[in-house]
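A.B. asks: The structure's right below; bear with me while I get my questions together.
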Amino acid sequence: MIARIWRGRTPAARADAYVSYLLETGVKDYAAVPGNRGVRVLRRLAGDEAEFLVVSFWDSHDAVRAFAGPTIDDAVYYPADDEYLLAREPGVAHYEVVVDR
């Protein structure tokens with residue numbers, strides 16, 4: 001199993017709205033791709049910013065490609081992301097899941 005990890009930051013005041021937006025965009029799209037095993041969205045408030053860590057789980061790198069396209073290390077963004085995000089992270093990280101309990 002592969003874990004795909006993306007990080008992003010929003011103003012703290014927009015954090016709840018961004019969670020709703022994530023549910024309608026990325027989280028919804030992950031679920032529609034065969035080979036997706038789920039997603040976890042983590043949030044940490046730090047002063048006037050909210051940091052998000054989105055970890056999606058996939059059967060294989062091929063399943064990730066079905067979502068992200070041929071360059072799987074590039075982050076996937078949606079048209080309204082700039083309304084929420086303070087900056088766009090250019091890439092994501094992929095890890096092999098070696099323990100899953």
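Naming scheme: A, B, ... for chains in displayed order of the structure tokens; residues 1 onward per chain; ligands 1 onward as shown.
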Neighbouring residues of A:Tyr95 were defined as those with any atom within 9 Å, considering only C-alpha atoms; residues of the same chain fewer than 2 positions away were excluded. Please report them as a list of chain:residue names.

C.D. replies: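 Those residues are A:Met1, A:Ile2, A:Ala3, A:Arg4, A:Ile5, A:Ala93, A:Val97, A:Val98.
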
A.B. asks: Write to file, as a PDB file, in the first residue's frame, the residues of the selection just made, with N, CA and C atoms.

C.D. replies:
ATOM      1  N   MET A   1       0.855  -1.173   0.000  1.00  0.00           N
ATOM      2  CA  MET A   1       0.000   0.000   0.000  1.00  0.00           C
ATOM      3  C   MET A   1       0.905   1.241   0.000  1.00  0.00           C
ATOM      4  N   ILE A   2       0.450   2.280  -0.682  1.00  0.00           N
ATOM      5  CA  ILE A   2       1.179   3.528  -0.807  1.00  0.00           C
ATOM      6  C   ILE A   2       0.413   4.639  -0.076  1.00  0.00           C
ATOM      7  N   ALA A   3       1.135   5.442   0.696  1.00  0.00           N
ATOM      8  CA  ALA A   3       0.562   6.629   1.325  1.00  0.00           C
ATOM      9  C   ALA A   3       1.053   7.849   0.546  1.00  0.00           C
ATOM     10  N   ARG A   4       0.125   8.691   0.134  1.00  0.00           N
ATOM     11  CA  ARG A   4       0.440   9.941  -0.567  1.00  0.00           C
ATOM     12  C   ARG A   4       0.168  11.083   0.420  1.00  0.00           C
ATOM     13  N   ILE A   5       1.183  11.925   0.660  1.00  0.00           N
ATOM     14  CA  ILE A   5       1.087  12.943   1.702  1.00  0.00           C
ATOM     15  C   ILE A   5       1.264  14.329   1.095  1.00  0.00           C
ATOM     16  N   ALA A  93       4.683  13.732  -1.092  1.00  0.00           N
ATOM     17  CA  ALA A  93       5.594  12.625  -0.777  1.00  0.00           C
ATOM     18  C   ALA A  93       4.812  11.324  -0.817  1.00  0.00           C
ATOM     19  N   VAL A  97       3.602   1.822   2.861  1.00  0.00           N
ATOM     20  CA  VAL A  97       3.069   1.491   4.178  1.00  0.00           C
ATOM     21  C   VAL A  97       3.588   0.095   4.544  1.00  0.00           C
ATOM     22  N   VAL A  98       4.370   0.029   5.600  1.00  0.00           N
ATOM     23  CA  VAL A  98       4.963  -1.250   5.979  1.00  0.00           C
ATOM     24  C   VAL A  98       4.279  -1.881   7.189  1.00  0.00           C
TER      25      VAL A  98
END

A.B. asks: Could you pull out the alpha helix (DSSP H) residues of chain A from DSSP and send them as a list in words?

C.D. replies: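 Result set for chain A (alpha helix (DSSP H)): Ala15, Asp16, Ala17, Tyr18, Val19, Ser20, Tyr21, Leu22, Leu23, Glu24, Gly26, Val27, Lys28, Asp29, Tyr30, Ala31, His61, Asp62, Ala63, Val64, Arg65, Ala66, Phe67 and Ala68 of chain A.
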
A.B. asks: Just to confirm, what's the straight-line distance from atom CA of A:Asp59 to atom CA of A:Val39 in Å (one decimal)?

C.D. replies: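 Result for atom CA of A:Asp59 versus atom CA of A:Val39: 12.5 Å, one decimal.
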
A.B. asks: Which residues are near A:Gly47? Cut-off 12 Å, only C-alpha atoms, ignore same chain within fewer than 3 positions. Put them as an MDAnalysis selection string.

C.D. replies: chainID A and resid 9:13 44 50:51

A.B. asks: At what distance in Å, to one decimal, does atom CA of A:Asp62 lie from atom CA of A:Arg40?

C.D. replies: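 If I compute the distance from atom CA of A:Arg40 to atom CA of A:Asp62, I get 20.2 Å.
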
A.B. asks: Excluding A:Val76 and any residue of its chain fewer than 3 positions from it, enumerate the residues within 9 Å of it, using only C-alpha atoms, and give them as a PyMOL selection string.

C.D. replies: chain A and resi 26+67-69+72+90-92

A.B. asks: Find the residue from A:Asp16, A:Ala80, A:Leu45, A:Val33 that sits nearest to A:Arg65; use only C-alpha atoms when measuring.

C.D. replies: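 Looking at the shortest contact to A:Arg65, the residue is A:Val33.
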
A.B. asks: Between atom CA of A:Ala17 and atom CA of A:Thr71, what distance in Å does the model show, to one decimal?

C.D. replies: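 Between atom CA of A:Ala17 and atom CA of A:Thr71 the gap is 29.0 Å.
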